[in-house]
file structure.pdb (PDB, C-alpha atoms)
ATOM      1  CA  MET K   1       0.949   1.929  19.957
ATOM      2  CA  ILE K   2       0.474   1.211  16.263
ATOM      3  CA  LEU K   3      -1.920  -1.642  15.593
ATOM      4  CA  GLY K   4      -1.038  -3.901  12.672
ATOM      5  CA  TYR K   5      -3.532  -5.844  10.571
ATOM      6  CA  PHE K   6      -2.012  -8.303   8.127
ATOM      7  CA  PHE K   7      -3.593  -9.500   4.911
ATOM      8  CA  ILE K   8      -2.162 -11.832   2.300
ATOM      9  CA  LEU K   9      -3.453 -12.010  -1.240
ATOM     10  CA  GLY K  10      -4.777 -15.377  -2.308
ATOM     11  CA  ASN K  11      -6.705 -17.694  -0.026
ATOM     12  CA  THR K  12      -6.514 -15.502   3.069
ATOM     13  CA  ASN K  13      -8.339 -12.279   3.844
ATOM     14  CA  CYS K  14      -7.438  -8.823   2.584
ATOM     15  CA  THR K  15      -9.812  -7.254   5.088
ATOM     16  CA  ALA K  16     -10.381  -7.127   8.843
ATOM     17  CA  GLN K  17     -13.606  -8.708  10.101
ATOM     18  CA  SER K  18     -14.253  -5.836  12.498
ATOM     19  CA  LEU K  19     -13.454  -2.181  12.134
ATOM     20  CA  PRO K  20     -10.543  -1.537  14.530
ATOM     21  CA  PHE K  21     -10.672   0.895  17.420
ATOM     22  CA  LEU K  22     -10.426   4.511  16.296
ATOM     23  CA  PRO K  23      -9.500   7.472  18.519
ATOM     24  CA  ASP K  24     -12.391   9.609  19.752
ATOM     25  CA  GLU K  25     -11.049  12.673  17.934
ATOM     26  CA  LEU K  26     -12.083  11.258  14.551
ATOM     27  CA  THR K  27     -15.434  12.359  13.111
ATOM     28  CA  GLN K  28     -17.522  10.294  10.702
ATOM     29  CA  VAL K  29     -18.478  12.663   7.865
ATOM     30  CA  LEU K  30     -20.592  10.397   5.624
ATOM     31  CA  GLU K  31     -24.211   9.405   6.064
ATOM     32  CA  SER K  32     -24.424   5.755   7.101
ATOM     33  CA  GLY K  33     -25.118   3.076   4.526
ATOM     34  CA  LEU K  34     -25.029   3.106   0.747
ATOM     35  CA  PRO K  35     -26.755   5.581  -1.572
ATOM     36  CA  LYS K  36     -30.478   4.921  -1.964
ATOM     37  CA  THR K  37     -30.379   4.890  -5.766
ATOM     38  CA  LEU K  38     -28.390   2.461  -7.893
ATOM     39  CA  PRO K  39     -26.116   4.067 -10.491
ATOM     40  CA  SER K  40     -27.077   3.538 -14.115
ATOM     41  CA  PRO K  41     -25.415   0.665 -16.008
ATOM     42  CA  ALA K  42     -22.105   1.574 -17.651
ATOM     43  CA  GLU K  43     -20.185   0.153 -20.592
ATOM     44  CA  THR K  44     -17.906  -1.609 -18.104
ATOM     45  CA  GLY K  45     -20.631  -3.243 -15.998
ATOM     46  CA  ARG K  46     -23.537  -2.593 -13.660
ATOM     47  CA  PHE K  47     -24.662  -2.553 -10.034
ATOM     48  CA  LYS K  48     -27.325  -4.791  -8.505
ATOM     49  CA  LYS K  49     -29.167  -4.426  -5.210
ATOM     50  CA  LEU K  50     -29.324  -7.657  -3.203
ATOM     51  CA  PRO K  51     -31.281  -8.383   0.009
ATOM     52  CA  ALA K  52     -29.121  -9.095   3.059
ATOM     53  CA  GLY K  53     -30.726  -9.665   6.457
ATOM     54  CA  ASP K  54     -32.807  -6.622   7.358
ATOM     55  CA  GLY K  55     -31.051  -4.485   4.774
ATOM     56  CA  PHE K  56     -29.311  -4.811   1.452
ATOM     57  CA  VAL K  57     -25.907  -4.873  -0.220
ATOM     58  CA  TRP K  58     -24.770  -3.789  -3.646
ATOM     59  CA  LEU K  59     -23.159  -6.116  -6.147
ATOM     60  CA  ALA K  60     -20.732  -4.431  -8.536
ATOM     61  CA  GLU K  61     -20.363  -6.549 -11.677
ATOM     62  CA  SER K  62     -17.377  -5.354 -13.702
ATOM     63  CA  THR K  63     -17.191  -6.992 -17.126
ATOM     64  CA  ALA K  64     -14.566  -4.800 -18.802
ATOM     65  CA  THR K  65     -11.955  -2.115 -18.194
ATOM     66  CA  LEU K  66     -11.142   1.120 -19.987
ATOM     67  CA  LYS K  67      -7.728   2.302 -21.140
ATOM     68  CA  LYS K  68      -8.413   5.547 -19.330
ATOM     69  CA  GLY K  69     -10.875   6.338 -16.573
ATOM     70  CA  ASN K  70     -13.492   4.350 -14.683
ATOM     71  CA  LYS K  71     -17.261   4.340 -15.118
ATOM     72  CA  LEU K  72     -18.559   1.576 -12.848
ATOM     73  CA  ALA K  73     -18.612   3.706  -9.714
ATOM     74  CA  PHE K  74     -20.774   5.352  -7.087
ATOM     75  CA  SER K  75     -20.246   8.470  -4.977
ATOM     76  CA  LYS K  76     -21.188   9.916  -1.623
ATOM     77  CA  THR K  77     -20.818  13.558  -0.654
ATOM     78  CA  PHE K  78     -19.733  15.108   2.631
ATOM     79  CA  ASP K  79     -19.940  18.622   4.032
ATOM     80  CA  ALA K  80     -17.027  18.679   6.475
ATOM     81  CA  PRO K  81     -13.954  20.620   5.304
ATOM     82  CA  LEU K  82     -10.696  18.765   4.745
ATOM     83  CA  LYS K  83      -7.480  20.750   4.916
ATOM     84  CA  GLU K  84      -4.289  19.882   3.094
ATOM     85  CA  ASP K  85      -2.133  17.519   5.201
ATOM     86  CA  ASP K  86      -5.032  16.781   7.559
ATOM     87  CA  VAL K  87      -5.465  13.111   8.443
ATOM     88  CA  GLY K  88      -8.402  11.042   7.236
ATOM     89  CA  PHE K  89      -9.455   7.408   7.477
ATOM     90  CA  VAL K  90     -11.559   5.619   4.863
ATOM     91  CA  ALA K  91     -13.192   2.216   5.415
ATOM     92  CA  VAL K  92     -15.200  -0.002   3.061
ATOM     93  CA  ARG K  93     -17.095  -3.100   4.188
ATOM     94  CA  CYS K  94     -17.075  -5.480   1.244
ATOM     95  CA  ARG K  95     -15.992  -8.820  -0.179
ATOM     96  CA  ILE K  96     -14.917 -10.209  -3.553
ATOM     97  CA  VAL K  97     -17.260 -12.801  -5.074
ATOM     98  CA  ASP K  98     -15.040 -13.658  -8.015
ATOM     99  CA  ALA K  99     -12.432 -11.990 -10.209
ATOM    100  CA  ASP K 100     -10.907 -12.682 -13.625
ATOM    101  CA  ASN K 101     -12.072 -16.224 -14.283
ATOM    102  CA  ASN K 102      -9.265 -16.671 -16.827
ATOM    103  CA  ALA K 103      -6.576 -16.399 -14.142
ATOM    104  CA  ASN K 104      -4.748 -19.575 -13.098
ATOM    105  CA  GLU K 105      -5.118 -18.712  -9.414
ATOM    106  CA  PRO K 106      -7.823 -16.809  -7.516
ATOM    107  CA  ARG K 107      -7.182 -13.086  -7.586
ATOM    108  CA  PRO K 108      -8.127 -10.517  -4.945
ATOM    109  CA  GLY K 109     -10.678  -7.831  -5.615
ATOM    110  CA  ARG K 110      -9.703  -4.214  -6.246
ATOM    111  CA  VAL K 111     -11.392  -0.904  -5.520
ATOM    112  CA  LEU K 112     -10.279   2.576  -6.552
ATOM    113  CA  ILE K 113     -10.981   5.200  -3.880
ATOM    114  CA  HIS K 114     -10.984   8.826  -5.014
ATOM    115  CA  ILE K 115     -11.712  11.763  -2.702
ATOM    116  CA  GLY K 116     -11.975  15.235  -4.193
ATOM    117  CA  ASP K 117     -14.278  18.112  -5.041
ATOM    118  CA  ARG K 118     -17.877  17.330  -5.975
ATOM    119  CA  GLU K 119     -17.815  18.912  -9.402
ATOM    120  CA  THR K 120     -14.785  17.315 -11.073
ATOM    121  CA  LEU K 121     -12.737  15.405  -8.442
ATOM    122  CA  ARG K 122      -9.699  17.227  -9.827
ATOM    123  CA  GLN K 123      -9.006  18.798  -6.444
ATOM    124  CA  THR K 124      -7.788  15.395  -5.285
ATOM    125  CA  ALA K 125      -7.301  14.735  -1.586
ATOM    126  CA  LEU K 126      -6.849  10.956  -2.001
ATOM    127  CA  TYR K 127      -6.379   8.588  -4.947
ATOM    128  CA  HIS K 128      -5.849   5.042  -3.729
ATOM    129  CA  LYS K 129      -6.307   1.439  -4.908
ATOM    130  CA  GLY K 130      -7.403  -1.006  -2.232
ATOM    131  CA  THR K 131      -7.431  -4.806  -2.128
ATOM    132  CA  ILE K 132     -10.551  -6.794  -1.222
ATOM    133  CA  GLY K 133     -10.661 -10.241   0.392
ATOM    134  CA  ARG K 134     -13.095 -13.111  -0.099
ATOM    135  CA  GLU K 135     -14.664 -12.916   3.350
ATOM    136  CA  TRP K 136     -16.884 -10.118   4.574
ATOM    137  CA  GLY K 137     -14.762  -7.514   6.298
ATOM    138  CA  TRP K 138     -13.446  -3.961   6.356
ATOM    139  CA  TYR K 139     -10.778  -2.644   4.049
ATOM    140  CA  PHE K 140      -9.423   0.534   5.639
ATOM    141  CA  HIS K 141      -6.772   3.077   4.784
ATOM    142  CA  PRO K 142      -5.483   6.070   6.769
ATOM    143  CA  PHE K 143      -4.275   8.949   4.633
ATOM    144  CA  ARG K 144      -3.037  12.522   4.667
ATOM    145  CA  ALA K 145      -4.992  14.854   2.395
ATOM    146  CA  ALA K 146      -2.997  15.965  -0.653
ATOM    147  CA  ARG K 147      -5.328  18.923  -1.316
ATOM    148  CA  SER K 148      -7.779  21.016   0.685
ATOM    149  CA  LEU K 149     -11.539  20.681   0.250
ATOM    150  CA  ALA K 150     -13.753  23.504   1.454
ATOM    151  CA  ALA K 151     -16.899  22.875   3.490
ATOM    152  CA  ASN K 152     -19.862  21.470   1.525
ATOM    153  CA  THR K 153     -17.702  20.516  -1.479
ATOM    154  CA  GLY K 154     -16.330  17.025  -0.701
ATOM    155  CA  ARG K 155     -17.056  13.771  -2.516
ATOM    156  CA  ILE K 156     -15.778  10.198  -2.241
ATOM    157  CA  ARG K 157     -16.021   7.986  -5.330
ATOM    158  CA  LEU K 158     -15.514   4.217  -5.376
ATOM    159  CA  SER K 159     -14.776   2.563  -8.735
ATOM    160  CA  PHE K 160     -14.825  -1.184  -9.364
ATOM    161  CA  ASP K 161     -14.002  -1.570 -13.071
ATOM    162  CA  VAL K 162     -10.265  -1.737 -12.444
ATOM    163  CA  GLN K 163     -10.466  -5.409 -13.468
ATOM    164  CA  PRO K 164     -13.220  -7.901 -14.392
ATOM    165  CA  GLN K 165     -14.739  -8.877 -11.033
ATOM    166  CA  ARG K 166     -17.854  -9.124  -8.884
ATOM    167  CA  VAL K 167     -17.720  -7.298  -5.547
ATOM    168  CA  GLU K 168     -20.362  -6.972  -2.842
ATOM    169  CA  ILE K 169     -20.432  -3.713  -0.859
ATOM    170  CA  GLU K 170     -22.294  -3.084   2.392
ATOM    171  CA  ASP K 171     -20.999   0.204   3.799
ATOM    172  CA  VAL K 172     -18.560   3.064   3.233
ATOM    173  CA  ARG K 173     -17.215   5.337   5.965
ATOM    174  CA  LEU K 174     -14.973   8.370   5.960
ATOM    175  CA  TYR K 175     -13.494   9.840   9.130
ATOM    176  CA  VAL K 176     -11.676  13.157   9.457
ATOM    177  CA  ALA K 177      -9.240  14.001  12.251
ATOM    178  CA  PRO K 178      -8.601  17.478  13.684
ATOM    179  CA  SER K 179      -5.581  19.431  12.462
ATOM    180  CA  GLY K 180      -2.329  18.288  14.035
ATOM    181  CA  PHE K 181      -3.565  14.735  14.655
ATOM    182  CA  ASP K 182      -0.786  12.118  14.851
ATOM    183  CA  MET K 183      -1.403   9.712  11.962
ATOM    184  CA  SER K 184       0.639   6.960  13.639
ATOM    185  CA  ARG K 185      -2.234   6.484  16.105
ATOM    186  CA  LEU K 186      -4.386   4.978  13.353
ATOM    187  CA  PRO K 187      -4.375   1.293  12.390
ATOM    188  CA  MET K 188      -2.982   0.265   9.026
ATOM    189  CA  MET K 189      -3.335  -2.810   6.850
ATOM    190  CA  GLU K 190      -0.059  -4.417   5.840
ATOM    191  CA  ALA K 191      -0.007  -5.807   2.312
ATOM    192  CA  GLY K 192       1.325  -9.191   1.321
ATOM    193  CA  TYR K 193       1.228 -10.856  -2.068
ATOM    194  CA  GLN K 194      -0.227 -13.889  -3.761
ATOM    195  CA  GLY K 195       2.232 -16.779  -3.505
ATOM    196  CA  ARG K 196       4.009 -15.548  -0.394
ATOM    197  CA  GLU K 197       3.713 -18.916   1.340
ATOM    198  CA  PRO K 198       7.019 -20.886   1.614
ATOM    199  CA  ASP K 199       5.730 -23.785  -0.500
ATOM    200  CA  ALA K 200       4.251 -21.633  -3.279
ATOM    201  CA  PRO K 201       4.640 -23.372  -6.685
ATOM    202  CA  TRP K 202       6.655 -20.544  -8.253
ATOM    203  CA  ARG K 203       9.521 -20.888  -5.770
ATOM    204  CA  GLN K 204      10.867 -24.181  -7.159
ATOM    205  CA  GLY K 205      11.401 -22.710 -10.615
ATOM    206  CA  ALA K 206      12.835 -19.525  -9.131
ATOM    207  CA  ASP K 207      15.348 -21.484  -7.048
ATOM    208  CA  ALA K 208      16.482 -23.354 -10.160
ATOM    209  CA  ARG K 209      17.008 -20.099 -12.084
ATOM    210  CA  ILE K 210      18.891 -18.568  -9.165
ATOM    211  CA  ALA K 211      21.221 -21.570  -9.043
ATOM    212  CA  LYS K 212      21.792 -21.354 -12.799
ATOM    213  CA  TYR K 213      22.128 -17.611 -13.371
ATOM    214  CA  ARG K 214      23.015 -16.085  -9.999
ATOM    215  CA  THR K 215      25.610 -18.511  -8.649
ATOM    216  CA  ALA K 216      28.998 -19.793  -9.804
ATOM    217  CA  PRO K 217      31.701 -22.084  -8.410
ATOM    218  CA  LEU K 218      34.152 -20.540  -5.952
ATOM    219  CA  ILE K 219      37.625 -22.090  -5.831
ATOM    220  CA  VAL K 220      39.896 -21.169  -2.915
ATOM    221  CA  ARG K 221      43.572 -22.132  -2.856
ATOM    222  CA  VAL K 222      45.474 -21.679   0.414
ATOM    223  CA  LEU K 223      49.245 -21.477   0.062
ATOM    224  CA  ASP K 224      52.053 -21.095   2.565
ATOM    225  CA  PRO K 225      54.819 -18.451   2.105
ATOM    226  CA  HIS K 226      56.723 -20.903  -0.116
ATOM    227  CA  GLY K 227      53.795 -21.465  -2.457
ATOM    228  CA  SER K 228      52.972 -24.945  -1.221
ATOM    229  CA  THR K 229      49.368 -25.986  -0.706
ATOM    230  CA  ILE K 230      48.163 -26.089   2.892
ATOM    231  CA  GLN K 231      46.071 -29.189   3.390
ATOM    232  CA  GLN K 232      42.809 -29.101   5.369
ATOM    233  CA  ALA K 233      43.012 -25.359   5.918
ATOM    234  CA  ASP K 234      40.132 -23.782   7.833
ATOM    235  CA  VAL K 235      38.669 -21.118   5.517
ATOM    236  CA  ARG K 236      35.679 -18.917   6.218
ATOM    237  CA  ILE K 237      34.180 -16.679   3.531
ATOM    238  CA  ARG K 238      31.432 -14.109   3.995
ATOM    239  CA  MET K 239      29.820 -12.090   1.224
ATOM    240  CA  ARG K 240      29.925  -8.377   2.017
ATOM    241  CA  ARG K 241      27.548  -7.156  -0.682
ATOM    242  CA  HIS K 242      25.653  -8.439  -3.703
ATOM    243  CA  ALA K 243      26.947  -7.368  -7.093
ATOM    244  CA  PHE K 244      23.312  -7.159  -8.191
ATOM    245  CA  GLY K 245      21.568  -4.012  -6.966
ATOM    246  CA  PHE K 246      18.783  -5.384  -4.803
ATOM    247  CA  GLY K 247      16.860  -2.272  -3.770
ATOM    248  CA  SER K 248      13.570  -0.913  -2.511
ATOM    249  CA  THR K 249      11.772   2.307  -1.717
ATOM    250  CA  PHE K 250      12.813   3.991   1.515
ATOM    251  CA  GLN K 251      10.418   6.040   3.643
ATOM    252  CA  VAL K 252      12.336   9.262   4.252
ATOM    253  CA  ARG K 253      10.154  10.217   7.221
ATOM    254  CA  LEU K 254      11.690   7.306   9.147
ATOM    255  CA  VAL K 255      15.334   8.257   8.628
ATOM    256  CA  ASP K 256      15.608  10.186  11.921
ATOM    257  CA  ASP K 257      12.713   8.600  13.794
ATOM    258  CA  ILE K 258      13.927   7.071  17.072
ATOM    259  CA  SER K 259      10.855   4.925  17.727
ATOM    260  CA  PRO K 260      11.495   1.151  17.991
ATOM    261  CA  ASP K 261       9.571   0.491  14.768
ATOM    262  CA  ALA K 262      11.601   3.063  12.815
ATOM    263  CA  ILE K 263      14.912   1.755  14.153
ATOM    264  CA  ARG K 264      13.920  -1.767  13.183
ATOM    265  CA  TYR K 265      12.831  -0.485   9.752
ATOM    266  CA  ARG K 266      16.281   0.986   9.054
ATOM    267  CA  GLN K 267      18.097  -2.080  10.367
ATOM    268  CA  THR K 268      15.976  -4.427   8.269
ATOM    269  CA  PHE K 269      16.460  -2.254   5.198
ATOM    270  CA  GLU K 270      20.244  -2.468   5.553
ATOM    271  CA  GLU K 271      20.064  -6.239   5.949
ATOM    272  CA  LEU K 272      17.910  -6.832   2.875
ATOM    273  CA  PHE K 273      18.743  -4.117   0.342
ATOM    274  CA  HIS K 274      21.739  -2.487  -1.319
ATOM    275  CA  ALA K 275      20.084   0.441  -3.118
ATOM    276  CA  LEU K 276      17.158   2.735  -2.401
ATOM    277  CA  VAL K 277      14.613   5.107  -3.882
ATOM    278  CA  PRO K 278      13.521   7.777  -1.371
ATOM    279  CA  VAL K 279       9.755   8.273  -1.116
ATOM    280  CA  PRO K 280       7.688  10.338  -1.210
ATOM    281  CA  ALA K 281      10.383  12.973  -1.693
ATOM    282  CA  LEU K 282      11.031  12.198  -5.363
ATOM    283  CA  ILE K 283       7.392  11.731  -6.373
ATOM    284  CA  PRO K 284       6.410  14.894  -8.312
ATOM    285  CA  GLN K 285       3.159  15.704  -6.532
ATOM    286  CA  HIS K 286       4.922  15.575  -3.174
ATOM    287  CA  THR K 287       8.061  17.558  -3.968
ATOM    288  CA  PRO K 288       8.673  20.983  -2.422
ATOM    289  CA  HIS K 289       8.312  22.470  -5.910
ATOM    290  CA  ALA K 290       4.674  21.368  -5.972
ATOM    291  CA  LYS K 291       3.734  22.267  -2.407
ATOM    292  CA  ASP K 292       4.391  25.056   0.043
ATOM    293  CA  GLY K 293       4.537  25.202   3.805
ATOM    294  CA  ASN K 294       5.797  23.041   6.642
ATOM    295  CA  TYR K 295       4.992  19.755   4.907
ATOM    296  CA  ALA K 296       7.275  20.574   1.967
ATOM    297  CA  ASN K 297      10.022  21.830   4.266
ATOM    298  CA  GLN K 298       9.880  18.623   6.290
ATOM    299  CA  LEU K 299      10.099  16.518   3.126
ATOM    300  CA  LEU K 300      13.151  18.447   1.975
ATOM    301  CA  SER K 301      14.800  18.001   5.371
ATOM    302  CA  ASP K 302      14.016  14.265   5.409
ATOM    303  CA  LEU K 303      15.400  13.870   1.887
ATOM    304  CA  THR K 304      18.642  15.629   2.845
ATOM    305  CA  ASN K 305      19.062  13.407   5.896
ATOM    306  CA  THR K 306      18.313  10.330   3.793
ATOM    307  CA  LEU K 307      21.041  11.326   1.331
ATOM    308  CA  HIS K 308      23.555  11.466   4.193
ATOM    309  CA  TRP K 309      22.275   8.191   5.675
ATOM    310  CA  ALA K 310      22.613   6.377   2.342
ATOM    311  CA  HIS K 311      26.041   7.889   1.609
ATOM    312  CA  ASP K 312      27.409   6.754   4.978
ATOM    313  CA  ARG K 313      26.329   3.195   4.153
ATOM    314  CA  ARG K 314      27.438   3.282   0.508
ATOM    315  CA  LEU K 315      23.893   2.712  -0.700
ATOM    316  CA  PRO K 316      23.329   4.023  -4.240
ATOM    317  CA  MET K 317      20.108   5.966  -4.813
ATOM    318  CA  ARG K 318      17.744   6.072  -7.755
ATOM    319  CA  GLY K 319      14.586   7.972  -8.515
TER
END

call {"tool": "encode", "arguments": {"input": "structure.pdb", "output": "C-alpha cells"}}
result
Amino acid sequence: MILGYFFILGNTNCTAQSLPFLPDELTQVLESGLPKTLPSPAETGRFKKLPAGDGFVWLAESTATLKKGNKLAFSKTFDAPLKEDDVGFVAVRCRIVDADNNANEPRPGRVLIHIGDRETLRQTALYHKGTIGREWGWYFHPFRAARSLAANTGRIRLSFDVQPQRVEIEDVRLYVAPSGFDMSRLPMMEAGYQGREPDAPWRQGADARIAKYRTAPLIVRVLDPHGSTIQQADVRIRMRRHAFGFGSTFQVRLVDDISPDAIRYRQTFEELFHALVPVPALIPQHTPHAKDGNYANQLLSDLTNTLHWAHDRRLPMRG
C-alpha cells in the first residue's frame, strides 16, 4: 500500500508532524543530529545556533540569492555506497519562520537538497528542491539515485539561499535501500499550491477572464426537412474536446501499470488533459543516450508504449 501525505502551500503544512513508517530494509547512513560546527557566514546569509529543549536547532537566515549557485548551506558525509538506480529516502525536520516579507501572501520555505561526491558534488545522485511548512515537521522525499557513489565518498548538502527566508532545522536523515527495493513501498508527499482553496481571491478574476476570452455564444437552429423552424425542440450538446491544448506531463512508467492507482491515473489524465509531455523519457539526463543498462531500456520501452497510448487517444505530444 502506498501511503499519501498531502501538503498545501499557504496556511497549511508542507511537512508531516511525524516521520512515517519506513520498511525495515532501509538503513540510516547519516550520524544523528546536525553538524557540531556552524558554517561560516556567506554573502547570502548566515546560520545561528538556537537552544531548543535539551538540544539545539539551527536558524538559516537567507538575505539574498545568487544568479548561479548557493552558498548558505551545510553538509553531512556518509560512508555507505549508493549505486545508480538504487532507492534512497531523505528527510529533514524543519520549519519556515518567515519568507520574502515583500510578498502579498505568506510563502512557503524552500530547501535545495543535493547528494553527490564529497569533493565536488558533480557526481550527482539527487538534486531536489523541497517545500517547508510553518509548523515543525518532516519534509521527506524518496528518490532513485541518478549516479553511483562509492563507499566513503558520499555527501548531502542542504542549501537555503534559494529565496530570502528564515528556516529552523533540527535534524537531517538519509536512508538507503538494498538493490532491487520497490520504491512504491515508500511514502511520498503530494504537492499542492498556494491558492488552491475554492474561495481563493484569484479565482474570481480568472472566472471573469474565462467568460470573456474562452467562451462565445452558441446559436442552434433546428429545422424540419422543409426548412421550417421546429419549436421547443429538445437539443443536447456535449463538447468532445477543447480547441485549446490543455496538457500536462505524463509519467511513462504508469502507462502499462495495472495497479488501481495507475489505472486511475490514466483515466484522470484522459478526463482532464488533451496533450501530454512524457517524463522522464524526454529529459536529457534520463534518456537512453545518457544512461546504459536495464533502466534505460525500460525507459525506452515505456516511451514507446506511451506513444501508442497517446496515438490511440488522439493526444498530441510535446517535449

call {"tool": "resolve_selection", "arguments": {"input": "structure.pdb", "expression": "the PyMOL selection byres ((chain K and resi 42) around 12)", "output": "ChimeraX atom specification"}}
result
/K:38-41,43-47,60-66,70-74,159-161

call {"tool": "write_last_selection", "arguments": {"input": "structure.pdb", "atoms": "C-alpha atoms", "output": "compact mmCIF listing (two decimals), in the coordinates of the input"}}
result
# COMPACT_ATOMS: atom_id res chain seq x y z
CA LEU K 38 -28.39 2.46 -7.89
CA PRO K 39 -26.12 4.07 -10.49
CA SER K 40 -27.08 3.54 -14.12
CA PRO K 41 -25.42 0.66 -16.01
CA GLU K 43 -20.18 0.15 -20.59
CA THR K 44 -17.91 -1.61 -18.10
CA GLY K 45 -20.63 -3.24 -16.00
CA ARG K 46 -23.54 -2.59 -13.66
CA PHE K 47 -24.66 -2.55 -10.03
CA ALA K 60 -20.73 -4.43 -8.54
CA GLU K 61 -20.36 -6.55 -11.68
CA SER K 62 -17.38 -5.35 -13.70
CA THR K 63 -17.19 -6.99 -17.13
CA ALA K 64 -14.57 -4.80 -18.80
CA THR K 65 -11.96 -2.12 -18.19
CA LEU K 66 -11.14 1.12 -19.99
CA ASN K 70 -13.49 4.35 -14.68
CA LYS K 71 -17.26 4.34 -15.12
CA LEU K 72 -18.56 1.58 -12.85
CA ALA K 73 -18.61 3.71 -9.71
CA PHE K 74 -20.77 5.35 -7.09
CA SER K 159 -14.78 2.56 -8.74
CA PHE K 160 -14.82 -1.18 -9.36
CA ASP K 161 -14.00 -1.57 -13.07

call {"tool": "axis_aligned_box", "arguments": {"input": "structure.pdb", "around": "range 243-252 of chain K", "padding_each_side": "3 Å", "output": "lines of an AutoDock Vina configuration file"}}
result
center_x = 18.7
center_y = 0.9
center_z = -2.0
size_x = 22.5
size_y = 22.6
size_z = 18.4

call {"tool": "resolve_selection", "arguments": {"input": "structure.pdb", "expression": "the PyMOL selection byres ((chain K and resi 109-119) around 6)", "output": "PDB file with C-alpha atoms, in the frame of the given file"}}
result
ATOM      1  CA  ILE K  96     -14.917 -10.209  -3.553  1.00  0.00           C
ATOM      2  CA  PRO K 108      -8.127 -10.517  -4.945  1.00  0.00           C
ATOM      3  CA  THR K 120     -14.785  17.315 -11.073  1.00  0.00           C
ATOM      4  CA  LEU K 121     -12.737  15.405  -8.442  1.00  0.00           C
ATOM      5  CA  GLN K 123      -9.006  18.798  -6.444  1.00  0.00           C
ATOM      6  CA  THR K 124      -7.788  15.395  -5.285  1.00  0.00           C
ATOM      7  CA  ALA K 125      -7.301  14.735  -1.586  1.00  0.00           C
ATOM      8  CA  LEU K 126      -6.849  10.956  -2.001  1.00  0.00           C
ATOM      9  CA  TYR K 127      -6.379   8.588  -4.947  1.00  0.00           C
ATOM     10  CA  HIS K 128      -5.849   5.042  -3.729  1.00  0.00           C
ATOM     11  CA  LYS K 129      -6.307   1.439  -4.908  1.00  0.00           C
ATOM     12  CA  GLY K 130      -7.403  -1.006  -2.232  1.00  0.00           C
ATOM     13  CA  THR K 131      -7.431  -4.806  -2.128  1.00  0.00           C
ATOM     14  CA  ILE K 132     -10.551  -6.794  -1.222  1.00  0.00           C
ATOM     15  CA  THR K 153     -17.702  20.516  -1.479  1.00  0.00           C
ATOM     16  CA  GLY K 154     -16.330  17.025  -0.701  1.00  0.00           C
ATOM     17  CA  ARG K 155     -17.056  13.771  -2.516  1.00  0.00           C
ATOM     18  CA  ILE K 156     -15.778  10.198  -2.241  1.00  0.00           C
ATOM     19  CA  ARG K 157     -16.021   7.986  -5.330  1.00  0.00           C
ATOM     20  CA  LEU K 158     -15.514   4.217  -5.376  1.00  0.00           C
ATOM     21  CA  SER K 159     -14.776   2.563  -8.735  1.00  0.00           C
ATOM     22  CA  PHE K 160     -14.825  -1.184  -9.364  1.00  0.00           C
TER      23      PHE K 160
END

call {"tool": "residues_around", "arguments": {"input": "structure.pdb", "residues": "Arg221 in chain K", "least_positions_apart": "5", "cutoff": "10 Å", "atoms": "only C-alpha atoms", "output": "list in words"}}
result
Ser228, Thr229, Ile230, Gln231, Ala233 and Val235 of chain K

call {"tool": "atom_distance", "arguments": {"input": "structure.pdb", "atom1": "CA of Val87 in chain K", "atom2": "CA of Tyr265 in chain K"}}
result
22.8 Å

call {"tool": "closest_residue", "arguments": {"input": "structure.pdb", "among": "K:Asp24, K:Asp302, K:Glu135, K:Asp98", "to": "Val252 in chain K", "atoms": "all atoms listed in the file"}}
result
K:Asp302

call {"tool": "resolve_selection", "arguments": {"input": "structure.pdb", "expression": "the PyMOL selection byres ((chain K and resi 256) around 12)", "output": "PyMOL selection string"}}
result
chain K and resi 251-255+257-263+265-266+298+301-309

call {"tool": "write_last_selection", "arguments": {"input": "structure.pdb", "atoms": "C-alpha atoms", "output": "short mmCIF file (atom, residue, chain, number, x, y, z; two decimals), in the frame of the given file"}}
result
data_model
loop_
_atom_site.label_atom_id
_atom_site.label_comp_id
_atom_site.auth_asym_id
_atom_site.auth_seq_id
_atom_site.Cartn_x
_atom_site.Cartn_y
_atom_site.Cartn_z
CA GLN K 251 10.42 6.04 3.64
CA VAL K 252 12.34 9.26 4.25
CA ARG K 253 10.15 10.22 7.22
CA LEU K 254 11.69 7.31 9.15
CA VAL K 255 15.33 8.26 8.63
CA ASP K 257 12.71 8.60 13.79
CA ILE K 258 13.93 7.07 17.07
CA SER K 259 10.86 4.92 17.73
CA PRO K 260 11.50 1.15 17.99
CA ASP K 261 9.57 0.49 14.77
CA ALA K 262 11.60 3.06 12.82
CA ILE K 263 14.91 1.76 14.15
CA TYR K 265 12.83 -0.48 9.75
CA ARG K 266 16.28 0.99 9.05
CA GLN K 298 9.88 18.62 6.29
CA SER K 301 14.80 18.00 5.37
CA ASP K 302 14.02 14.26 5.41
CA LEU K 303 15.40 13.87 1.89
CA THR K 304 18.64 15.63 2.84
CA ASN K 305 19.06 13.41 5.90
CA THR K 306 18.31 10.33 3.79
CA LEU K 307 21.04 11.33 1.33
CA HIS K 308 23.56 11.47 4.19
CA TRP K 309 22.28 8.19 5.68
#

call {"tool": "closest_residue", "arguments": {"input": "structure.pdb", "among": "K:Arg203, K:Arg166, K:Arg122, K:Arg173", "to": "Val90 in chain K", "atoms": "all atoms listed in the file"}}
result
K:Arg173

call {"tool": "atom_distance", "arguments": {"input": "structure.pdb", "atom1": "CA of Phe143 in chain K", "atom2": "CA of Leu22 in chain K"}}
result
13.9 Å

call {"tool": "closest_residue", "arguments": {"input": "structure.pdb", "among": "K:Tyr175, K:Met317, K:Phe244, K:Thr249", "to": "Tyr213 in chain K", "atoms": "all atoms listed in the file"}}
result
K:Phe244

call {"tool": "atom_distance", "arguments": {"input": "structure.pdb", "atom1": "CA of Phe89 in chain K", "atom2": "CA of Thr27 in chain K"}}
result
9.6 Å

call {"tool": "closest_residue", "arguments": {"input": "structure.pdb", "among": "K:Val162, K:Ala150, K:Leu315, K:Leu34", "to": "Phe56 in chain K", "atoms": "only C-alpha atoms"}}
result
K:Leu34

call {"tool": "residues_around", "arguments": {"input": "structure.pdb", "residues": "Ala243 in chain K", "least_positions_apart": "2", "cutoff": "12 Å", "atoms": "all atoms listed in the file", "output": "PyMOL selection string"}}
result
chain K and resi 214-215+239-241+245-247+273-275
